[in-house]
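Student: Here it is, the structure, as structure tokens.
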Amino acid sequence: MVFYSFASDFGEASLLKMLFLNKQELVQRKLYFRLGVDLVLLQDADMKTHTGSQDIGDFPRFTFNPKEGIDNPALSINDDDDEVVLRLLHLHRSEGGQSFGFSLRWDGGLEADLETDLETGLEVSVVQPRSPAEDCGLKVGDRILEVNEENVINVHFKRVERKIKFCGCHLFLLVLRKDRYEQAVSSGLDLRSLATEFKGENCRRPRLCHVLRDPGRGLGFNLISLEGHGRQFIVSTESGGPAERAGVCSGDKLLWLNGTRASSLSQSALNKTMRKGPAAVTLLVIDGVSEDCFRRRKVPIVPDLAECHNFPHRARTMNLSKGKDGYGFLLRQEHIAFSQKTVHVLREVDSGSPAEEAGMEDGDLLLAVNNEPVEHLEHDDIVKLIRQSGDSVNLTALSRSGRDFYKQLRIPPLLFSQDPADPSFTNDTAASTVGEVAREQRTFKVEVFL
């Protein structure tokens, strides 16, 4: 076992170097501001802590001079007295089917510009009164640049819609007000670069890594307690071992272990867990530079914002076309053992039916119909949705063991779902080019309530 000390030297000077470019770089990136004019760092005062959130504190308002250091949840770049302000908003909804309370619109008319219509189209069109969206300060006309730390500029509208609907209770949006967006576009600002500079050039999302025990090498990692830092642990991995293959890196900070915050676990509790010799563990980890970027912006590091690695279960979407005898399956509402909760179960899959050909298995749990989450709905309402879909329907399902896996991790079972039939829904890529996606959508208006 290798022991080492871990001290971050990512201090004020490094932050300034990372966030403030030299004059030549500013000209190249078209980010202009006058020397001596303060960068105004703003956050909506309406952003509140919600009951049930995970380590999510209040989001105060900040105004800083760049010479005094950076500690900002939102960035403003001044050109003379004009401001281009990025705002990071946290929306929280309760479980049980509550909406976030806003509508997102993509408007691609015949006169839309192929190079910009996707950017101009991701616009908030409605904000309901007394909704999570209104509570956090979202405004009609806001343009959305990122959803839960993932850039959505030039991303297929349906993929953005799906990501928001499947995200669970917590939603983080990086937005520009309408007038500031128009100002940024007219000034030639690169919105993707602007969003990257806001987070930090080397900021990466946390990773949820599922590590399987190797009979000869174990789990392939050790946990090292940070002396003088309370219950904080650094991961030391074995080169080429199971943990490293699952996406864990030496020097990563451990944040969660099997759905429990590492800060709530003592060294003895961790040792006890490891001595049990579990067949697998799931770790939420982050590198030191990215952790500093999240802390600086006052963004909680939670599983909802993570990338998943080596997961054994992921919800899958099946595309069914009705045959002469229907879809060939039965939908039943069943009670969970020793619980008052019910689930919607796919049963009696007919041999050779469209359901079997799509990969449906008896006992799978139905989570969504045509990208609409349905766990909270009654049986008759789901049947109505399927019938209204006509001769084809998309069903998103997960095995019962997969549902238990996500329940242990305390994350939504739809969070990391995939639709292999549509490459625009993958986690690694959006649309192939701006032009291709624009041509696909440019002749109609899309608006969805979220």
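By order in the structure tokens, chains are A, B, ...; within a chain, residues start at 1; ligands start at 1, following the order shown.
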Identify all residues of segment 147-369 of chain A in helix (DSSP H, G or I) (DSSP on the backbone) and supply them as a ChimeraX atom specification.

Tutor: /A:157-165,178-186,191-199,242-245,262-264,267-275,288-296,303-305,354-357

Student: Store the residues of this selection in a file with C-alpha atoms, as a PDB file, in the first residue's frame.

Tutor:
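Listing of result_23.pdb after writing:
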ATOM      1  CA  PHE A 157     -33.497  19.458 -29.197  1.00  0.00           C
ATOM      2  CA  LYS A 158     -34.958  16.041 -28.378  1.00  0.00           C
ATOM      3  CA  ARG A 159     -31.793  15.078 -26.536  1.00  0.00           C
ATOM      4  CA  VAL A 160     -31.972  18.237 -24.414  1.00  0.00           C
ATOM      5  CA  GLU A 161     -35.640  17.563 -23.674  1.00  0.00           C
ATOM      6  CA  ARG A 162     -34.873  13.980 -22.678  1.00  0.00           C
ATOM      7  CA  LYS A 163     -31.954  14.986 -20.465  1.00  0.00           C
ATOM      8  CA  ILE A 164     -34.120  17.424 -18.507  1.00  0.00           C
ATOM      9  CA  LYS A 165     -37.087  15.062 -18.169  1.00  0.00           C
ATOM     10  CA  LYS A 178     -32.306  37.274 -23.873  1.00  0.00           C
ATOM     11  CA  ASP A 179     -30.839  40.756 -24.334  1.00  0.00           C
ATOM     12  CA  ARG A 180     -27.398  39.619 -23.179  1.00  0.00           C
ATOM     13  CA  TYR A 181     -27.557  36.669 -25.542  1.00  0.00           C
ATOM     14  CA  GLU A 182     -28.356  38.931 -28.486  1.00  0.00           C
ATOM     15  CA  GLN A 183     -25.526  41.230 -27.405  1.00  0.00           C
ATOM     16  CA  ALA A 184     -23.096  38.308 -27.221  1.00  0.00           C
ATOM     17  CA  VAL A 185     -24.079  37.006 -30.679  1.00  0.00           C
ATOM     18  CA  SER A 186     -23.886  40.447 -32.281  1.00  0.00           C
ATOM     19  CA  LEU A 191     -20.724  30.905 -26.437  1.00  0.00           C
ATOM     20  CA  ARG A 192     -19.089  27.515 -26.002  1.00  0.00           C
ATOM     21  CA  SER A 193     -15.772  29.140 -25.050  1.00  0.00           C
ATOM     22  CA  LEU A 194     -17.601  31.539 -22.749  1.00  0.00           C
ATOM     23  CA  ALA A 195     -19.231  28.634 -20.899  1.00  0.00           C
ATOM     24  CA  THR A 196     -15.891  26.810 -20.685  1.00  0.00           C
ATOM     25  CA  GLU A 197     -14.136  29.851 -19.236  1.00  0.00           C
ATOM     26  CA  PHE A 198     -16.924  30.198 -16.681  1.00  0.00           C
ATOM     27  CA  LYS A 199     -16.312  26.677 -15.371  1.00  0.00           C
ATOM     28  CA  PRO A 242     -10.147  -3.130 -11.484  1.00  0.00           C
ATOM     29  CA  ALA A 243     -10.606   0.391 -10.091  1.00  0.00           C
ATOM     30  CA  GLU A 244      -8.422   1.989 -12.737  1.00  0.00           C
ATOM     31  CA  ARG A 245     -10.213   0.049 -15.484  1.00  0.00           C
ATOM     32  CA  ALA A 262     -17.796   9.688   2.372  1.00  0.00           C
ATOM     33  CA  SER A 263     -17.804  12.614   4.805  1.00  0.00           C
ATOM     34  CA  SER A 264     -20.331  10.702   6.941  1.00  0.00           C
ATOM     35  CA  GLN A 267     -12.058   5.316   8.767  1.00  0.00           C
ATOM     36  CA  SER A 268     -13.205   2.335  10.851  1.00  0.00           C
ATOM     37  CA  ALA A 269     -16.554   2.220   8.999  1.00  0.00           C
ATOM     38  CA  LEU A 270     -14.758   2.234   5.671  1.00  0.00           C
ATOM     39  CA  ASN A 271     -12.365  -0.483   6.814  1.00  0.00           C
ATOM     40  CA  LYS A 272     -15.325  -2.586   7.961  1.00  0.00           C
ATOM     41  CA  THR A 273     -16.983  -2.204   4.560  1.00  0.00           C
ATOM     42  CA  MET A 274     -13.812  -3.222   2.747  1.00  0.00           C
ATOM     43  CA  ARG A 275     -13.160  -6.202   5.036  1.00  0.00           C
ATOM     44  CA  GLY A 288      -8.485  17.965  -7.430  1.00  0.00           C
ATOM     45  CA  VAL A 289      -8.588  20.648 -10.133  1.00  0.00           C
ATOM     46  CA  SER A 290     -12.229  19.955 -10.963  1.00  0.00           C
ATOM     47  CA  GLU A 291     -13.173  19.904  -7.279  1.00  0.00           C
ATOM     48  CA  ASP A 292     -11.744  23.414  -6.922  1.00  0.00           C
ATOM     49  CA  CYS A 293     -13.743  24.564  -9.952  1.00  0.00           C
ATOM     50  CA  PHE A 294     -16.983  23.212  -8.476  1.00  0.00           C
ATOM     51  CA  ARG A 295     -16.268  24.738  -5.052  1.00  0.00           C
ATOM     52  CA  ARG A 296     -15.396  28.093  -6.593  1.00  0.00           C
ATOM     53  CA  PRO A 303     -24.157  11.972  -8.312  1.00  0.00           C
ATOM     54  CA  ASP A 304     -26.807  13.808 -10.352  1.00  0.00           C
ATOM     55  CA  LEU A 305     -24.017  15.723 -12.160  1.00  0.00           C
ATOM     56  CA  PRO A 354     -42.624  -6.849 -31.800  1.00  0.00           C
ATOM     57  CA  ALA A 355     -41.960  -6.615 -28.045  1.00  0.00           C
ATOM     58  CA  GLU A 356     -39.654  -9.662 -28.055  1.00  0.00           C
ATOM     59  CA  GLU A 357     -37.866  -8.482 -31.194  1.00  0.00           C
TER      60      GLU A 357
END

Student: Contacts of Lys407 of chain A at 10 Å or less, counting only C-alpha atoms, minus same-chain residues fewer than 6 places along, as a list of chain:residue names?

Tutor: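 My list of contacting residues is A:Gly259, A:Ser401, A:Pro413.
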
Student: One decimal, in Å: what's the spacing between atom CA of Ala315 of chain A and atom CA of Ser417 of chain A?

Tutor: 4.5 Å

Student: Which distance in Å separates atom CA of Lys298 of chain A and atom CA of Arg204 of chain A, to one decimal?

Tutor: 15.1 Å

Student: What's the 10 Å shell around Gly328 of chain A, counting only C-alpha atoms, without same-chain residues fewer than 3 positions away, as a list in words?

Tutor: Leu320, Lys322, Gly323, Lys324, Asp325, Arg347, Glu348, Val349, Asp350, Ser351, Gly352, Ser353, Pro354, Ala355, Glu356, Glu357 and Met360 of chain A

Student: May I ask for the distance between atom CA of Ala246 of chain A and atom CA of Leu212 of chain A, given in Å to one decimal place?

Tutor: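 Going from atom CA of Ala246 of chain A over to atom CA of Leu212 of chain A, I get 8.1 Å.
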
Student: Can you check which residues of segment 91-311 of chain A DSSP gives as strand (DSSP E or B) on the backbone and send them as an MDAnalysis selection string?

Tutor: chainID A and resid 91:92 102:107 123:127 143:147 150:151 170:176 207:212 214 218 221:225 233:237 253:257 260:261 280:286 307:309
